[in-house]
Amino acid sequence: MTWLDVPAPWAMRLQDAASPNQEGIHELYDHIMFYLALVLGLVSYMTIVIVKDFTKNKFAHKQLRHGQTLEIIWTMFPALILLLMSFPSFILLYLSDEVLTPALTVKIVGLQWYWKYEYSDFVNKTGETLEYESYIMPDDMLEEGNTRLLDTDTSIVLPVDTHVRFIVTANDVMHSFAVPSLGIKIDATPGRLNQVSTLMERTGVFYGQCSELCGVNHALMPMKMQCVTMEDFLTYLSELSE
Amino acid sequence: MSGTEAAANSTYSFRDHTTGKPTTTYSSAMSSPFDIKTFKFDTPQFDPRFPHVNQTKHCAQNYVDYHKCVAVKGEDFEPCQIFWKTFTSLCPVDWVERWDDQREAGKFPVKIE
Ligand SMILES: [Cu+2]
């Protein structure tokens, strides 16, 4: 099975989910789209019917100037739909914000125009925190199969099936850290630490782009996240700590 | 030589980067800290004082608490380490460096003593 984790030509739908949050977003999206289609059908049907034979139509009522019942119906019906949409939406929103038992904290710092990642739960042999920067892969260095404007020189490497907490901030202007496959999008604001978490349920490579206009190279600071097995993650850490 | 082999063949320690003292020492007998058999995740957990998305004060409070703790109990006092682990995991390295400079210059906005 191949997962849709990168933009594809003529892709109309969302990318495949890799975290429970994004699965929840997909579910909510599908659910709301179903009712949206019903409402669209109803409204289009009524409009067409009214336009086609407005003289003898019950809805058209050319001479109608005030209708108490009609007013009540067309106020209550949309209000009820909005209310029914808001409950699952709020449940999902507040569940997504919850960071309960993280196993690992990774700091993400946005800069003009690159990202810096700090794995401060771990230190290298001289006692310094494990940190590195990540720049976009320039067009002339791309190889066959790479994704233009998404691939970077280094990536965030994280273990699979592990609760990860991200602490997101910026050093100059506002940026925004976003990974659609994981359902993450959070502002990186200078002087403020924002917290968000994820649980990746499968290994793979996930991409994202800076989502807050931050200057001329705003489009040239993507983020690349590699989700690997625990063994590979530990090998990566020990290589980083050399 | 791969990273894991190199780590397994040497002795090294984790150092507290503010005091320079070793916190835990690993030797080849104990194997690398990134050995899958012994590896344990350790990161600050949920703190009911800071339940929000904004964790700025979670970081800052622990930085202040660590230095207050050390000022009273001394750098070898083991319980202070929990504050150190929390603020290093949460605060960006740049912030910690800036605050350290401010403390040295006596310009840190919170009284440590
Ligand atoms: Cu940006």
# chains A, B, ... in the order shown; residues from 1 in each chain; ligands from 1
call {"tool": "residues_around", "arguments": {"residues": "stretch 62-72 of chain B", "least_positions_apart": "4", "cutoff": "10 Å", "atoms": "only C-alpha atoms", "output": "ChimeraX atom specification"}}
result
/B:57-58,76-88,90-91,96,99-100,103,108,110-113
call {"tool": "residues_around", "arguments": {"residues": "stretch 88-93 of chain A", "least_positions_apart": "6", "cutoff": "10 Å", "atoms": "only C-alpha atoms", "output": "PyMOL selection string"}}
result
chain A and resi 21-22+24-25+27-29+31-32
call {"tool": "write_last_selection", "arguments": {"atoms": "all heavy atoms", "output": "short mmCIF file (atom, residue, chain, number, x, y, z; two decimals), in the first residue's frame"}}
result
data_model
loop_
_atom_site.label_atom_id
_atom_site.label_comp_id
_atom_site.auth_asym_id
_atom_site.auth_seq_id
_atom_site.Cartn_x
_atom_site.Cartn_y
_atom_site.Cartn_z
N ASN A 21 -5.03 12.81 15.34
CA ASN A 21 -5.62 14.13 15.15
C ASN A 21 -6.09 14.33 13.72
O ASN A 21 -7.18 14.82 13.47
CB ASN A 21 -4.58 15.22 15.46
CG ASN A 21 -4.47 15.48 16.94
OD1 ASN A 21 -5.13 14.82 17.73
ND2 ASN A 21 -3.64 16.43 17.30
N GLN A 22 -5.23 13.96 12.78
CA GLN A 22 -5.58 14.16 11.38
C GLN A 22 -6.70 13.21 10.97
O GLN A 22 -7.54 13.56 10.15
CB GLN A 22 -4.35 14.01 10.48
CG GLN A 22 -4.59 14.28 9.02
CD GLN A 22 -5.07 15.71 8.73
OE1 GLN A 22 -5.19 16.54 9.62
NE2 GLN A 22 -5.39 15.97 7.48
N GLY A 24 -9.10 12.35 12.91
CA GLY A 24 -10.28 13.03 13.42
C GLY A 24 -10.73 14.15 12.50
O GLY A 24 -11.92 14.34 12.26
N ILE A 25 -9.75 14.89 11.95
CA ILE A 25 -10.07 15.99 11.05
C ILE A 25 -10.72 15.44 9.78
O ILE A 25 -11.72 15.97 9.29
CB ILE A 25 -8.80 16.82 10.73
CG1 ILE A 25 -8.34 17.55 11.99
CG2 ILE A 25 -9.06 17.81 9.60
CD1 ILE A 25 -7.01 18.27 11.85
N GLU A 27 -12.42 12.67 9.48
CA GLU A 27 -13.76 12.18 9.83
C GLU A 27 -14.75 13.35 9.90
O GLU A 27 -15.85 13.28 9.35
CB GLU A 27 -13.68 11.46 11.16
CG GLU A 27 -14.69 10.37 11.34
CD GLU A 27 -14.36 9.53 12.54
OE1 GLU A 27 -13.32 8.83 12.53
OE2 GLU A 27 -15.13 9.61 13.51
N LEU A 28 -14.33 14.41 10.58
CA LEU A 28 -15.20 15.59 10.72
C LEU A 28 -15.48 16.21 9.36
O LEU A 28 -16.61 16.58 9.04
CB LEU A 28 -14.51 16.62 11.63
CG LEU A 28 -15.30 17.90 11.89
CD1 LEU A 28 -16.46 17.62 12.83
CD2 LEU A 28 -14.42 18.98 12.48
N TYR A 29 -14.44 16.27 8.54
CA TYR A 29 -14.57 16.85 7.20
C TYR A 29 -15.58 16.05 6.38
O TYR A 29 -16.51 16.62 5.79
CB TYR A 29 -13.19 16.83 6.53
CG TYR A 29 -13.18 17.25 5.08
CD1 TYR A 29 -13.07 18.59 4.73
CD2 TYR A 29 -13.24 16.31 4.07
CE1 TYR A 29 -13.06 18.98 3.41
CE2 TYR A 29 -13.22 16.68 2.74
CZ TYR A 29 -13.12 18.02 2.41
OH TYR A 29 -13.10 18.39 1.10
N HIS A 31 -17.92 14.04 7.41
CA HIS A 31 -19.23 14.16 8.04
C HIS A 31 -19.91 15.46 7.62
O HIS A 31 -21.06 15.47 7.19
CB HIS A 31 -19.01 14.15 9.55
CG HIS A 31 -20.18 13.64 10.31
ND1 HIS A 31 -20.24 12.34 10.76
CD2 HIS A 31 -21.33 14.22 10.68
CE1 HIS A 31 -21.39 12.17 11.37
NE2 HIS A 31 -22.07 13.29 11.34
N ILE A 32 -19.17 16.57 7.74
CA ILE A 32 -19.75 17.87 7.43
C ILE A 32 -20.04 17.98 5.93
O ILE A 32 -21.07 18.52 5.53
CB ILE A 32 -18.84 19.01 7.95
CG1 ILE A 32 -18.92 19.04 9.48
CG2 ILE A 32 -19.25 20.35 7.36
CD1 ILE A 32 -18.08 20.08 10.14
#
call {"tool": "residues_near_ligand", "arguments": {"ligand": "ligand 1", "cutoff": "9 Å", "atoms": "only C-alpha atoms and all ligand atoms", "output": "PyMOL selection string"}}
result
chain A and resi 110-115+170+173-177+188+209-215+217-222
call {"tool": "interface_residues", "arguments": {"of": "chain A", "to": "chain B", "cutoff": "8 Å", "atoms": "only C-alpha atoms", "output": "MDAnalysis selection string"}}
result
chainID A and resid 97 99:107 109 118:121 123:129 167 191:196 230:231 234:239 242
call {"tool": "atom_distance", "arguments": {"atom1": "atom CA of A:Ser155", "atom2": "atom CA of A:Tyr207"}}
result
9.6 Å
call {"tool": "decode", "arguments": {"residues": "stretch 206-224 of chain A", "atoms": "N, CA, C and O atoms", "output": "PDB file, in the first residue's frame"}}
result
ATOM      1  N   PHE A 206       6.958  13.064   6.077  1.00  0.00           N
ATOM      2  CA  PHE A 206       5.848  14.009   5.987  1.00  0.00           C
ATOM      3  C   PHE A 206       6.403  15.412   5.772  1.00  0.00           C
ATOM      4  O   PHE A 206       7.429  15.763   6.338  1.00  0.00           O
ATOM      5  N   TYR A 207       5.696  16.180   4.974  1.00  0.00           N
ATOM      6  CA  TYR A 207       6.181  17.508   4.624  1.00  0.00           C
ATOM      7  C   TYR A 207       5.223  18.587   5.097  1.00  0.00           C
ATOM      8  O   TYR A 207       4.042  18.336   5.314  1.00  0.00           O
ATOM      9  N   GLY A 208       5.769  19.781   5.226  1.00  0.00           N
ATOM     10  CA  GLY A 208       4.929  20.921   5.564  1.00  0.00           C
ATOM     11  C   GLY A 208       5.602  22.180   5.081  1.00  0.00           C
ATOM     12  O   GLY A 208       6.773  22.159   4.689  1.00  0.00           O
ATOM     13  N   GLN A 209       4.862  23.260   5.093  1.00  0.00           N
ATOM     14  CA  GLN A 209       5.429  24.537   4.666  1.00  0.00           C
ATOM     15  C   GLN A 209       5.094  25.609   5.686  1.00  0.00           C
ATOM     16  O   GLN A 209       4.056  25.537   6.348  1.00  0.00           O
ATOM     17  N   CYS A 210       5.979  26.601   5.775  1.00  0.00           N
ATOM     18  CA  CYS A 210       5.723  27.723   6.659  1.00  0.00           C
ATOM     19  C   CYS A 210       4.377  28.326   6.284  1.00  0.00           C
ATOM     20  O   CYS A 210       4.095  28.558   5.119  1.00  0.00           O
ATOM     21  N   SER A 211       3.515  28.539   7.292  1.00  0.00           N
ATOM     22  CA  SER A 211       2.150  28.952   6.988  1.00  0.00           C
ATOM     23  C   SER A 211       1.791  30.322   7.525  1.00  0.00           C
ATOM     24  O   SER A 211       0.624  30.620   7.779  1.00  0.00           O
ATOM     25  N   GLU A 212       2.790  31.147   7.769  1.00  0.00           N
ATOM     26  CA  GLU A 212       2.517  32.538   8.146  1.00  0.00           C
ATOM     27  C   GLU A 212       3.488  33.393   7.331  1.00  0.00           C
ATOM     28  O   GLU A 212       4.703  33.183   7.410  1.00  0.00           O
ATOM     29  N   LEU A 213       2.914  34.312   6.562  1.00  0.00           N
ATOM     30  CA  LEU A 213       3.738  35.130   5.673  1.00  0.00           C
ATOM     31  C   LEU A 213       4.858  35.794   6.468  1.00  0.00           C
ATOM     32  O   LEU A 213       4.610  36.527   7.416  1.00  0.00           O
ATOM     33  N   CYS A 214       6.120  35.483   6.087  1.00  0.00           N
ATOM     34  CA  CYS A 214       7.234  35.908   6.943  1.00  0.00           C
ATOM     35  C   CYS A 214       8.327  36.633   6.181  1.00  0.00           C
ATOM     36  O   CYS A 214       9.416  36.823   6.699  1.00  0.00           O
ATOM     37  N   GLY A 215       8.074  37.013   4.957  1.00  0.00           N
ATOM     38  CA  GLY A 215       9.089  37.734   4.199  1.00  0.00           C
ATOM     39  C   GLY A 215       9.288  37.138   2.821  1.00  0.00           C
ATOM     40  O   GLY A 215       8.533  36.252   2.422  1.00  0.00           O
ATOM     41  N   VAL A 216      10.331  37.622   2.115  1.00  0.00           N
ATOM     42  CA  VAL A 216      10.486  37.230   0.703  1.00  0.00           C
ATOM     43  C   VAL A 216      10.628  35.726   0.511  1.00  0.00           C
ATOM     44  O   VAL A 216      10.113  35.176  -0.448  1.00  0.00           O
ATOM     45  N   ASN A 217      11.333  35.038   1.405  1.00  0.00           N
ATOM     46  CA  ASN A 217      11.554  33.601   1.194  1.00  0.00           C
ATOM     47  C   ASN A 217      10.584  32.719   1.982  1.00  0.00           C
ATOM     48  O   ASN A 217      10.902  31.581   2.319  1.00  0.00           O
ATOM     49  N   HIS A 218       9.422  33.254   2.269  1.00  0.00           N
ATOM     50  CA  HIS A 218       8.394  32.521   3.008  1.00  0.00           C
ATOM     51  C   HIS A 218       8.093  31.163   2.365  1.00  0.00           C
ATOM     52  O   HIS A 218       7.867  30.169   3.062  1.00  0.00           O
ATOM     53  N   ALA A 219       8.134  31.112   1.033  1.00  0.00           N
ATOM     54  CA  ALA A 219       7.815  29.859   0.330  1.00  0.00           C
ATOM     55  C   ALA A 219       8.984  28.900   0.347  1.00  0.00           C
ATOM     56  O   ALA A 219       8.859  27.753  -0.061  1.00  0.00           O
ATOM     57  N   LEU A 220      10.155  29.370   0.802  1.00  0.00           N
ATOM     58  CA  LEU A 220      11.369  28.560   0.686  1.00  0.00           C
ATOM     59  C   LEU A 220      11.842  28.050   2.049  1.00  0.00           C
ATOM     60  O   LEU A 220      13.034  27.904   2.282  1.00  0.00           O
ATOM     61  N   MET A 221      10.910  27.850   2.972  1.00  0.00           N
ATOM     62  CA  MET A 221      11.317  27.274   4.268  1.00  0.00           C
ATOM     63  C   MET A 221      10.383  26.132   4.660  1.00  0.00           C
ATOM     64  O   MET A 221       9.652  26.238   5.639  1.00  0.00           O
ATOM     65  N   PRO A 222      10.427  25.031   3.888  1.00  0.00           N
ATOM     66  CA  PRO A 222       9.553  23.899   4.196  1.00  0.00           C
ATOM     67  C   PRO A 222      10.075  23.123   5.408  1.00  0.00           C
ATOM     68  O   PRO A 222      11.196  23.363   5.867  1.00  0.00           O
ATOM     69  N   MET A 223       9.248  22.231   5.933  1.00  0.00           N
ATOM     70  CA  MET A 223       9.731  21.343   6.986  1.00  0.00           C
ATOM     71  C   MET A 223       9.529  19.909   6.531  1.00  0.00           C
ATOM     72  O   MET A 223       8.533  19.575   5.892  1.00  0.00           O
ATOM     73  N   LYS A 224      10.512  19.071   6.825  1.00  0.00           N
ATOM     74  CA  LYS A 224      10.464  17.667   6.417  1.00  0.00           C
ATOM     75  C   LYS A 224      10.597  16.844   7.680  1.00  0.00           C
ATOM     76  O   LYS A 224      11.480  17.088   8.490  1.00  0.00           O
TER      77      LYS A 224
END
